Every structure is written in C-alpha cells, then in structure tokens.
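Engineer: File input-v2.txt follows (compact mmCIF, C-alpha atoms and all ligand atoms):
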```txt
# COMPACT_ATOMS: atom_id res chain seq x y z
CA MET A 1 20.73 -9.84 2.66
CA SER A 2 24.03 -9.12 1.04
CA LEU A 3 24.75 -5.95 2.98
CA GLU A 4 23.05 -4.92 6.14
CA PHE A 5 23.28 -1.95 8.53
CA GLN A 6 21.45 -2.43 11.81
CA ASN A 7 21.11 0.69 13.88
CA VAL A 8 24.59 1.93 12.96
CA SER A 9 25.83 5.20 14.46
CA PHE A 10 29.19 6.81 13.97
CA ALA A 11 30.67 10.13 15.12
CA TYR A 12 33.94 11.61 13.88
CA ALA A 13 36.67 12.35 16.41
CA ASP A 14 35.76 16.01 16.74
CA ALA A 15 32.22 14.85 17.65
CA GLN A 16 30.80 16.32 14.48
CA ARG A 17 27.92 14.18 13.42
CA GLY A 18 28.63 11.28 11.11
CA ILE A 19 25.53 9.09 10.95
CA ASP A 20 22.80 8.29 13.42
CA ALA A 21 20.96 4.97 13.84
CA VAL A 22 21.17 3.96 10.18
CA THR A 23 19.33 0.79 9.28
CA LEU A 24 19.30 -0.47 5.71
CA SER A 25 19.77 -3.61 3.70
CA VAL A 26 20.81 -4.30 0.14
CA ALA A 27 19.88 -7.57 -1.53
CA GLN A 28 22.22 -9.59 -3.75
CA GLY A 29 22.46 -7.81 -7.11
CA GLU A 30 20.49 -4.80 -5.97
CA LEU A 31 21.57 -1.22 -6.67
CA LEU A 32 20.73 1.00 -3.72
CA ALA A 33 21.34 4.71 -4.16
CA VAL A 34 22.16 6.75 -1.07
CA MET A 35 20.92 10.23 -1.86
CA GLY A 36 21.19 13.42 0.16
CA ARG A 37 22.81 16.81 0.16
CA SER A 38 26.47 17.43 0.81
CA GLY A 39 27.48 16.65 4.41
CA SER A 40 24.44 14.47 5.10
CA GLY A 41 26.51 11.36 5.86
CA LYS A 42 26.45 9.48 2.55
CA SER A 43 30.17 8.84 2.24
CA THR A 44 30.32 7.88 5.90
CA ILE A 45 27.95 4.96 5.15
CA LEU A 46 30.27 3.90 2.34
CA ARG A 47 33.45 4.23 4.39
CA LEU A 48 31.92 2.15 7.16
CA THR A 49 30.98 -0.56 4.67
CA ALA A 50 34.50 -0.58 3.26
CA GLY A 51 36.08 -0.75 6.69
CA LEU A 52 37.77 2.64 6.37
CA LEU A 53 36.31 3.89 9.67
CA ASP A 54 36.47 2.33 13.09
CA GLY A 55 34.49 2.74 16.27
CA TYR A 56 30.87 2.60 15.22
CA ARG A 57 27.92 1.36 17.20
CA GLY A 58 25.43 -1.13 15.78
CA ARG A 59 26.01 -4.01 13.38
CA ILE A 60 27.28 -4.10 9.81
CA SER A 61 27.18 -7.42 8.02
CA ILE A 62 28.17 -8.56 4.56
CA ARG A 63 26.57 -11.79 3.34
CA GLY A 64 25.33 -12.47 6.84
CA THR A 65 28.73 -12.12 8.52
CA ASP A 66 29.41 -9.37 11.04
CA VAL A 67 32.38 -7.43 9.62
CA ALA A 68 33.41 -5.67 12.84
CA GLY A 69 37.21 -5.79 12.97
CA VAL A 70 37.54 -7.21 9.44
CA PRO A 71 40.15 -5.06 7.62
CA VAL A 72 39.45 -3.33 4.30
CA TRP A 73 41.36 -5.84 2.17
CA GLN A 74 39.43 -8.79 3.58
CA ARG A 75 35.99 -7.29 3.02
CA GLU A 76 36.10 -7.89 -0.74
CA VAL A 77 34.55 -4.58 -1.65
CA GLY A 78 35.16 -2.76 -4.93
CA MET A 79 35.34 1.02 -4.76
CA VAL A 80 35.03 3.84 -7.26
CA PHE A 81 35.31 7.46 -6.18
CA GLN A 82 34.60 10.83 -7.75
CA GLN A 83 38.26 11.54 -8.32
CA TYR A 84 39.89 8.95 -10.50
CA ALA A 85 41.91 6.86 -8.05
CA ILE A 86 44.06 5.34 -10.73
CA PHE A 87 47.79 4.54 -10.70
CA PRO A 88 49.31 6.84 -13.34
CA HIS A 89 52.56 4.84 -13.62
CA LEU A 90 50.76 1.62 -14.54
CA SER A 91 49.14 0.78 -17.88
CA VAL A 92 45.36 0.60 -18.08
CA LEU A 93 45.57 -3.20 -18.07
CA ASP A 94 47.86 -3.30 -15.04
CA ASN A 95 45.58 -0.92 -13.20
CA VAL A 96 42.73 -3.36 -13.64
CA ALA A 97 44.89 -6.41 -12.89
CA TYR A 98 46.30 -4.80 -9.76
CA GLY A 99 43.48 -5.87 -7.46
CA LEU A 100 43.94 -9.48 -8.53
CA ARG A 101 47.64 -9.51 -7.67
CA MET A 102 46.94 -9.55 -3.94
CA ARG A 103 44.70 -12.54 -4.42
CA GLY A 104 47.36 -14.97 -5.52
CA ILE A 105 46.16 -15.32 -9.10
CA SER A 106 48.82 -16.12 -11.70
CA THR A 107 50.13 -13.36 -13.96
CA ALA A 108 48.62 -14.90 -17.09
CA ALA A 109 45.22 -15.36 -15.49
CA ARG A 110 45.32 -11.82 -14.10
CA ARG A 111 46.02 -10.37 -17.51
CA SER A 112 43.29 -12.35 -19.20
CA LEU A 113 40.69 -11.48 -16.54
CA ALA A 114 41.66 -7.82 -16.70
CA LYS A 115 41.54 -7.83 -20.51
CA GLU A 116 38.09 -9.38 -20.44
CA MET A 117 36.78 -6.79 -17.99
CA LEU A 118 38.28 -3.99 -20.08
CA GLU A 119 36.42 -5.33 -23.11
CA ARG A 120 33.21 -5.25 -21.11
CA VAL A 121 33.65 -1.57 -20.24
CA GLY A 122 34.53 -0.84 -23.89
CA LEU A 123 38.22 -0.15 -23.36
CA GLY A 124 39.74 -3.30 -24.84
CA GLU A 125 41.82 -1.32 -27.32
CA HIS A 126 43.27 0.93 -24.65
CA ALA A 127 44.80 -1.82 -22.49
CA ASP A 128 48.40 -0.76 -23.06
CA ARG A 129 47.91 2.97 -22.73
CA ARG A 130 48.64 5.10 -19.70
CA PRO A 131 45.42 6.04 -17.89
CA THR A 132 46.41 9.72 -17.93
CA SER A 133 46.06 9.73 -21.73
CA LEU A 134 42.37 8.81 -21.40
CA SER A 135 39.38 11.10 -20.94
CA GLY A 136 37.68 11.50 -17.56
CA GLY A 137 34.84 9.19 -18.55
CA GLN A 138 37.28 6.54 -19.79
CA GLN A 139 39.29 6.78 -16.57
CA GLN A 140 36.14 6.14 -14.57
CA ARG A 141 35.50 3.08 -16.71
CA VAL A 142 38.99 1.86 -15.83
CA ALA A 143 38.18 2.42 -12.16
CA LEU A 144 34.93 0.51 -12.60
CA ALA A 145 36.68 -2.37 -14.34
CA ARG A 146 39.24 -2.50 -11.54
CA ALA A 147 36.49 -2.55 -8.91
CA LEU A 148 34.50 -5.31 -10.62
CA VAL A 149 37.27 -7.59 -11.89
CA PHE A 150 37.63 -9.53 -8.64
CA GLU A 151 33.86 -10.05 -8.28
CA PRO A 152 33.48 -8.02 -5.09
CA ARG A 153 30.85 -8.86 -2.50
CA VAL A 154 29.76 -5.24 -2.55
CA LEU A 155 30.43 -2.53 -5.13
CA LEU A 156 30.75 0.94 -3.61
CA LEU A 157 30.39 3.97 -5.87
CA ASP A 158 30.92 7.39 -4.29
CA GLU A 159 29.68 10.14 -6.64
CA PRO A 160 31.43 8.37 -9.54
CA LEU A 161 29.95 10.75 -12.12
CA ALA A 162 30.15 14.06 -10.28
CA ALA A 163 33.33 15.26 -11.99
CA LEU A 164 32.15 14.53 -15.54
CA ASP A 165 30.36 16.64 -18.16
CA ALA A 166 26.59 16.22 -18.45
CA GLY A 167 26.64 14.23 -21.71
CA ILE A 168 29.30 11.74 -20.58
CA ARG A 169 27.62 11.50 -17.21
CA GLN A 170 24.39 10.13 -18.68
CA GLN A 171 26.19 7.73 -20.94
CA LEU A 172 28.34 6.37 -18.13
CA ARG A 173 25.34 6.22 -15.80
CA ASP A 174 23.59 3.83 -18.18
CA GLN A 175 26.78 1.87 -18.64
CA ILE A 176 27.27 1.47 -14.90
CA ARG A 177 23.73 0.17 -14.56
CA GLU A 178 24.16 -2.28 -17.43
CA LEU A 179 27.43 -3.62 -16.06
CA GLN A 180 26.17 -3.77 -12.50
CA ARG A 181 23.22 -5.87 -13.69
CA ALA A 182 25.37 -8.11 -15.87
CA CYS A 183 27.74 -8.75 -12.94
CA ASN A 184 24.83 -9.07 -10.50
CA ALA A 185 26.85 -6.82 -8.20
CA THR A 186 25.35 -5.75 -4.89
CA THR A 187 25.86 -1.99 -5.12
CA LEU A 188 25.74 1.12 -2.97
CA LEU A 189 25.78 4.27 -5.09
CA VAL A 190 26.28 7.56 -3.27
CA THR A 191 24.97 10.65 -5.05
CA HIS A 192 23.54 14.09 -4.40
CA ASP A 193 21.96 14.03 -7.86
CA GLN A 194 18.33 12.98 -7.74
CA ASP A 195 18.08 12.28 -11.48
CA GLU A 196 20.99 9.91 -11.15
CA ALA A 197 19.53 8.14 -8.12
CA LEU A 198 16.00 7.86 -9.47
CA SER A 199 16.97 6.77 -12.96
CA ILE A 200 19.25 3.85 -12.17
CA ALA A 201 18.55 2.65 -8.63
CA ASP A 202 16.34 -0.27 -7.64
CA ARG A 203 15.73 1.55 -4.38
CA VAL A 204 16.84 4.88 -2.97
CA ALA A 205 17.74 5.73 0.63
CA VAL A 206 17.13 9.42 1.30
CA VAL A 207 19.62 10.68 3.89
CA ASP A 208 19.50 13.96 5.74
CA ASP A 209 21.60 15.10 8.66
CA GLY A 210 23.03 11.62 9.26
CA ARG A 211 19.66 9.91 9.32
CA ILE A 212 17.72 7.83 6.84
CA LEU A 213 14.39 9.49 6.07
CA GLN A 214 13.00 6.81 3.78
CA VAL A 215 14.15 3.82 1.75
CA ASP A 216 11.93 2.93 -1.16
CA THR A 217 11.67 2.40 -4.89
CA PRO A 218 11.99 5.60 -6.95
CA GLN A 219 8.31 5.47 -7.82
CA ARG A 220 7.11 5.02 -4.25
CA LEU A 221 9.42 7.79 -3.05
CA TYR A 222 7.78 10.10 -5.56
CA ASP A 223 4.17 8.99 -5.09
CA GLN A 224 4.25 8.26 -1.38
CA PRO A 225 6.97 10.30 0.32
CA ALA A 226 7.04 9.88 4.09
CA SER A 227 7.47 13.61 4.65
CA ALA A 228 7.65 16.94 2.87
CA THR A 229 11.42 16.80 3.27
CA VAL A 230 11.57 13.59 1.24
CA ALA A 231 9.16 15.05 -1.32
CA ARG A 232 11.50 18.01 -1.84
CA PHE A 233 14.40 15.63 -2.52
CA VAL A 234 12.46 13.72 -5.13
CA GLY A 235 11.12 15.67 -8.09
CA HIS A 236 9.38 19.02 -7.92
CA SER A 237 6.87 19.65 -5.23
CA CYS A 238 4.64 22.17 -3.66
CA VAL A 239 4.15 21.94 0.08
CA MET A 240 1.33 23.79 1.84
CA PRO A 241 1.41 23.89 5.63
CA GLY A 242 -2.04 23.40 7.12
CA ARG A 243 -4.24 22.01 9.85
CA VAL A 244 -6.80 19.19 9.80
CA LEU A 245 -10.29 20.73 10.05
CA ALA A 246 -12.30 17.52 9.89
CA PRO A 247 -11.72 14.04 8.50
CA GLY A 248 -10.94 14.57 4.82
CA LEU A 249 -10.60 18.34 5.11
CA VAL A 250 -7.48 20.48 5.58
CA ASP A 251 -7.21 24.24 6.08
CA VAL A 252 -4.13 25.61 4.27
CA SER A 253 -4.88 29.25 5.18
CA PHE A 254 -5.77 30.43 1.64
CA ALA A 255 -8.12 27.52 0.96
CA VAL A 256 -9.84 24.53 2.52
CA LEU A 257 -8.88 21.40 0.65
CA TYR A 258 -10.45 17.97 0.40
CA ALA A 259 -7.76 15.33 0.88
CA ASN A 260 -7.28 11.96 2.50
CA THR A 261 -6.31 12.84 6.07
CA GLY A 262 -5.80 9.17 7.03
CA ALA A 263 -4.94 8.77 10.68
CA PHE A 264 -4.32 12.48 11.34
CA ARG A 265 -6.50 13.96 14.10
CA ILE A 266 -8.64 17.07 13.96
CA GLY A 267 -6.53 20.12 14.79
CA GLU A 268 -3.25 18.40 13.92
CA LYS A 269 -0.66 20.37 11.94
CA VAL A 270 0.17 18.79 8.61
CA ASP A 271 1.88 19.46 5.30
CA VAL A 272 -0.20 19.06 2.18
CA LEU A 273 1.89 17.97 -0.79
CA MET A 274 0.94 18.69 -4.35
CA ARG A 275 2.95 17.67 -7.40
CA PRO A 276 3.11 20.45 -10.04
CA GLU A 277 1.91 18.22 -12.87
CA HIS A 278 -1.36 17.44 -11.07
CA VAL A 279 -2.58 21.01 -11.29
CA GLN A 280 -5.67 21.58 -13.42
CA PRO A 281 -5.46 25.11 -14.90
CA ASP A 282 -8.50 27.42 -14.83
CA PRO A 283 -11.11 24.85 -13.79
CA PRO A 284 -14.84 25.73 -13.64
CA GLU A 285 -15.83 27.77 -10.54
CA ALA A 286 -17.57 24.83 -8.83
CA THR A 287 -14.58 22.47 -9.11
CA LEU A 288 -13.53 20.76 -5.89
CA ASN A 289 -10.29 22.16 -4.40
CA ARG A 290 -10.34 25.24 -6.60
CA ILE A 291 -7.89 27.96 -5.56
CA SER A 292 -8.31 31.50 -6.95
CA GLY A 293 -5.35 33.70 -7.72
CA ARG A 294 -3.13 34.90 -10.52
CA LEU A 295 -0.30 33.73 -12.73
CA GLY A 296 3.26 34.56 -11.65
CA GLU A 297 6.65 33.75 -13.16
CA VAL A 298 6.69 31.32 -16.11
CA ARG A 299 9.57 29.02 -17.13
CA TYR A 300 9.17 27.48 -20.56
CA PHE A 301 10.57 23.97 -21.18
CA GLY A 302 9.22 23.11 -24.61
CA ALA A 303 6.85 20.21 -23.98
CA THR A 304 5.76 21.75 -20.70
CA SER A 305 6.02 24.95 -18.66
CA ARG A 306 6.71 25.35 -15.00
CA TYR A 307 5.01 28.39 -13.55
CA ASP A 308 4.13 30.09 -10.30
CA PHE A 309 0.53 30.53 -9.35
CA ILE A 310 -0.11 33.04 -6.60
CA PRO A 311 -3.21 32.29 -4.50
CA GLN A 312 -5.36 35.25 -3.50
CA GLY A 313 -4.24 36.90 -0.27
CA VAL A 314 -0.81 35.20 -0.01
CA SER A 315 2.62 36.00 -1.35
CA GLN A 316 4.02 32.45 -1.42
CA PRO A 317 3.57 31.09 -4.96
CA LEU A 318 2.57 27.51 -5.75
CA LEU A 319 4.71 25.71 -8.31
CA CYS A 320 2.63 24.35 -11.17
CA GLU A 321 3.43 22.51 -14.38
CA GLY A 322 1.62 21.88 -17.61
CA ARG A 323 1.19 22.81 -21.26
CA ARG A 324 -1.53 25.29 -20.46
CA LEU A 325 -1.01 28.04 -17.88
CA ALA A 326 -3.50 29.01 -15.16
CA GLU A 327 -4.63 32.64 -15.31
CA HIS A 328 -7.28 32.84 -12.57
CA GLY A 329 -7.49 29.56 -10.74
CA ILE A 330 -6.12 26.08 -10.25
CA ALA A 331 -7.52 22.87 -8.81
CA VAL A 332 -5.98 19.61 -7.67
CA ALA A 333 -8.10 16.48 -7.32
CA PRO A 334 -8.24 15.19 -3.71
CA GLU A 335 -6.63 11.89 -4.68
CA HIS A 336 -3.57 13.81 -5.88
CA LEU A 337 -2.98 15.55 -2.56
CA ARG A 338 -0.86 13.86 0.10
CA VAL A 339 -1.31 14.80 3.72
CA LEU A 340 2.02 14.43 5.53
CA PRO A 341 3.20 15.00 9.08
CA ALA A 342 4.31 18.58 9.72
CA PRO A 343 7.95 18.93 10.77
CA ARG A 344 8.20 18.89 14.56
CA GLY A 345 9.26 22.00 16.43
CA ILE A 346 7.99 24.41 13.79
CA SER A 347 4.73 26.22 14.45
CA LEU A 348 2.64 27.96 11.86
P1 LIG B 401 28.47 13.42 2.40
O1 LIG B 401 29.21 12.31 1.76
O2 LIG B 401 26.99 13.18 2.46
O3 LIG B 401 28.75 14.75 1.79
P2 LIG B 401 30.05 12.75 4.76
O4 LIG B 401 29.56 11.38 5.07
O5 LIG B 401 31.37 12.87 4.12
O6 LIG B 401 28.92 13.55 3.95
O7 LIG B 401 30.08 13.61 6.12
C1 LIG B 401 29.02 13.62 7.07
C2 LIG B 401 29.32 14.63 8.16
O8 LIG B 401 30.52 14.28 8.85
C3 LIG B 401 29.53 16.03 7.65
O9 LIG B 401 28.98 16.92 8.60
C4 LIG B 401 31.04 16.18 7.59
O10 LIG B 401 31.42 17.52 7.78
C5 LIG B 401 31.48 15.31 8.73
N1 LIG B 401 32.81 14.69 8.43
C6 LIG B 401 33.13 13.96 7.34
N2 LIG B 401 34.41 13.53 7.39
C7 LIG B 401 34.92 14.00 8.56
C8 LIG B 401 36.18 13.90 9.21
N3 LIG B 401 37.20 13.20 8.68
N4 LIG B 401 36.33 14.53 10.41
C9 LIG B 401 35.31 15.22 10.97
N5 LIG B 401 34.09 15.34 10.41
C10 LIG B 401 33.88 14.75 9.23
MG MG B 402 30.56 12.40 0.16
```
Write the structure described by the file as structure tokens, please.

Structural biologist:
Amino acid sequence: MSLEFQNVSFAYADAQRGIDAVTLSVAQGELLAVMGRSGSGKSTILRLTAGLLDGYRGRISIRGTDVAGVPVWQREVGMVFQQYAIFPHLSVLDNVAYGLRMRGISTAARRSLAKEMLERVGLGEHADRRPTSLSGGQQQRVALARALVFEPRVLLLDEPLAALDAGIRQQLRDQIRELQRACNATTLLVTHDQDEALSIADRVAVVDDGRILQVDTPQRLYDQPASATVARFVGHSCVMPGRVLAPGLVDVSFAVLYANTGAFRIGEKVDVLMRPEHVQPDPPEATLNRISGRLGEVRYFGATSRYDFIPQGVSQPLLCEGRRLAEHGIAVAPEHLRVLPAPRGISL
C-alpha cells in the first residue's frame, strides 16, 4: 500500500475531537476521496498525512515506511488547497519550479520540468505571467502543476474545487482525474461534495464525526451502504425505521414489507432503505410491498421528477423519483429494499 492509516486517532489541543481510530489504505495510483460534512475530520486526515500535525496515536505509513517524526518536507507529498496557495511575486513558471529548487535540481532542468508540467495542465502559454492575472480555475491548475511536478509519493487535495464556479468546477474535476491517472499519483481528495467524490474517485471513504463509516467503490456505497447514515451521504434515499417481524418481513409502522432481513433477528430494530428511483408508481392492488397513500410535493427535473408520496396514516413523506408520478400507491420490489442496522441509542 502506498499510504496507510492504521487505527489513527488525533485530538486537537483543546480536546475537541479530531479523528478517532481511522484505518484506511490507498494503493499506488489510486484516487481515494474522503467525503463528509464540514467538521467531520477530513482535513485532519490530510494534515496528518502531510506531517502538519504531531502527537497522534496509531501508525501512518507511506510506501511501507512509518512516517512518525518525518518532517513535512521529507514526506514528498504534493498539496493543493481550496484557497490558491500561490506565490504572487513569482511568475507562473517559477511557482511550479519552486518545489524543485529544494531538491537540488539545476536551474535549467527545473525550468524545463516546470514548463512541461504547465503544458500538461494546459497553461504552457501563461508561463511568464503573474498568477494573480489568471482566473481561479487557472490558478488551481498552477497549484496542481506545482504539486505534481516533483512526482510526489502522495498527492493531497483539500477541497480544491470548492471556491470555483459550477462550470469550471466540473471541467477542472475531469482534468484533475485525467492528470492524476496519467501521473499514476496516489491521491487523497477531501471533499464535502458527493457528486465530486462519486464521479472521480476509485473508492470513497465516508467520514462522520471523526470516524470512517465505510470505504468502498462509489457503486458499492450506493448499492450496499453499511448504514442509513452512509446512504444519506450517497445519492437520494428514503429511510424507514422498522422492526423485524419474521425472517424476510419488516414492520415499518404504515406497512409490512418483504425484504431480505439477512442476519437480523426477530424483534430487532432496523432501518429499511429505499432508493427513490426504485419506486413503482400506482401498481395493481395485489402487488407485493404496495403502500397506499397520496401524492405530495412534486419537483420537476425534465427527464425525471422527484416527488413526495405520503403513506396513509403518517405525515412523513417518502421521497420517490420517476417519469410517472404515483397518485394512490407505490411499491418497491423486495430485492430493492436494504435492511440496515438501526442507529444505536435511538428508540422508535
Ligand atoms: P473538515 O475538514 O472535515 O471540515 P477538520 O478535519 O478540519 O474538519 O476538523 C475536524 C474537527 O476538529 C472539527 O470539529 C474542528 O472544529 C476541529 N478542529 C480543526 N482544526 C482545529 C484546531 N486547529 N484546533 C481545534 N480544533 C480543531
Ligand atoms: Mg476541511
């Protein structure tokens, strides 16, 4: 493994939580997205990798070597942050060449390596300009070129797109992925944006409250989330609290649903997860897992609509999605329901 966290915990000086027992590994050339809401501990994972924080428990290794006590400049990590950490008094080319200067590479070689990297990020013509004369997206490409030019062991990206407009963000997102692949750079990308994480990462680590909830491919996170919390982070979802009635049968208060209850015991509290696109609108009366009710709020998105369906006798709407709306009933096939552990400490 190129980067590995084994049971790493860190608390800031004021004892506010940093991260708790984080275990994860990133393979050579892999892009792992660390996704979670603000304050969940994402940047802390990055800072620990870079060597910007001291006093953690557990083991962090880069290319198999424990990096405890190894200073930032010897870790060979490239970093890009949300705010453009660029030297305004240096030209674009010198900004990129800067990281090479500390590595004893000759001036001529530095300039040619930097020029080459600038070409790769599409800024070859801007080499002599001041970075402040460039757009936000271009400045982030300079930062990316500077981070990649010395072939870092790990590339660390902390919300690199968060400050940019939506259009530029998508463009740069694809560009980052392309470049990361071409350079075969082992990469940790921190983001709170699920579209960003799911669309470019090989795997995603979902972080909440300093802990890793699940690390998986985007597709497995969506199809097989470990908990309702993960499901809510990944795509749209509809979570129905319930109780196992019998093997293969769950009571969700307004209906009894057929679903694979796996290893859950009779009487156990569970969450039943439904994805909005799996809803069948107005199915025949005898359909398995049919829920009666009425249509609520509708949001129109062109190819599809997202709408609320309000089951009879409850006020909590179920989020549904499809071309056709449900007026009187919905159904979800048993194979499309996921039975997940109910959060501990919360009773129905
Ligand atoms: P994220 O990047 O996911 O938004 P961080 O890793 O920056 O979150 O922070 C995780 C937690 O640690 C948060 O509760 C945050 O308030 C706290 N924290 C971050 N930096 C410091 C600091 N320098 N001193 C004290 N607490 C901090
Ligand atoms: Mg952060």

Engineer: Ranking A:Arg129, A:Arg146, A:Leu113, A:Tyr222 by minimum distance to Gly99 of chain A and counting all atoms listed in the file, which one comes first?

Structural biologist: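 Residue with the minimum atom-to-atom distance to Gly99 of chain A: A:Arg146.
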
Engineer: Counting only C-alpha atoms and all ligand atoms, which protein, DNA or RNA residues come within 12 Å of ligand MG 402 (chain B), given as an MDAnalysis selection string?

Structural biologist: chainID A and resid 18 34:47 81:83 157:160 162 189:193 207 210

Engineer: Of the residues A:Met274, A:Ala143, A:Leu319, A:Ile19, which is the one nearest to Val332 of chain A, using all atoms listed in the file?

Structural biologist: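 Using all atoms listed in the file, Val332 of chain A sits closest to A:Met274.
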
Engineer: For a test of reading the model, state the distance in Å between atom CA of Glu30 of chain A and atom CA of Thr186 of chain A, rounded to one decimal.

Structural biologist: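 These two atoms are separated by 5.1 Å.
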
Engineer: Of the residues A:Ile212, A:Ile168, A:Ile62, A:Leu24, which is the one nearest to ligand LIG 401 (chain B), using all atoms listed in the file?

Structural biologist: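 Smallest distance to ligand LIG 401 (chain B) is found for A:Ile212.
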
Engineer: For Ala27 of chain A, which of A:Asn260, A:Thr49, A:Gln140, A:Thr187 is the closest residue, counting all atoms listed in the file?

Structural biologist: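 Looking at the shortest contact to Ala27 of chain A, the residue is A:Thr187.
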
Engineer: Between A:Leu156, A:Ala326, A:Leu53, A:Val230, which one has atoms that come closest to ligand LIG 401 (chain B), using all atoms listed in the file?

Structural biologist: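 Selected residue with least distance to ligand LIG 401 (chain B): A:Leu53.
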
Engineer: So how far away is atom CA of Ala342 of chain A from atom CA of Gly235 of chain A, in Å?

Structural biologist: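 Interatomic distance here is 19.3 Å.
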
Engineer: From the options A:Val154, A:Gly137, A:Arg130, A:Leu93, which residue's atoms come nearest to Lys115 of chain A, counting all atoms listed in the file?

Structural biologist: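 Comparing A:Val154, A:Gly137, A:Arg130, A:Leu93 against Lys115 of chain A, the winner is A:Leu93.
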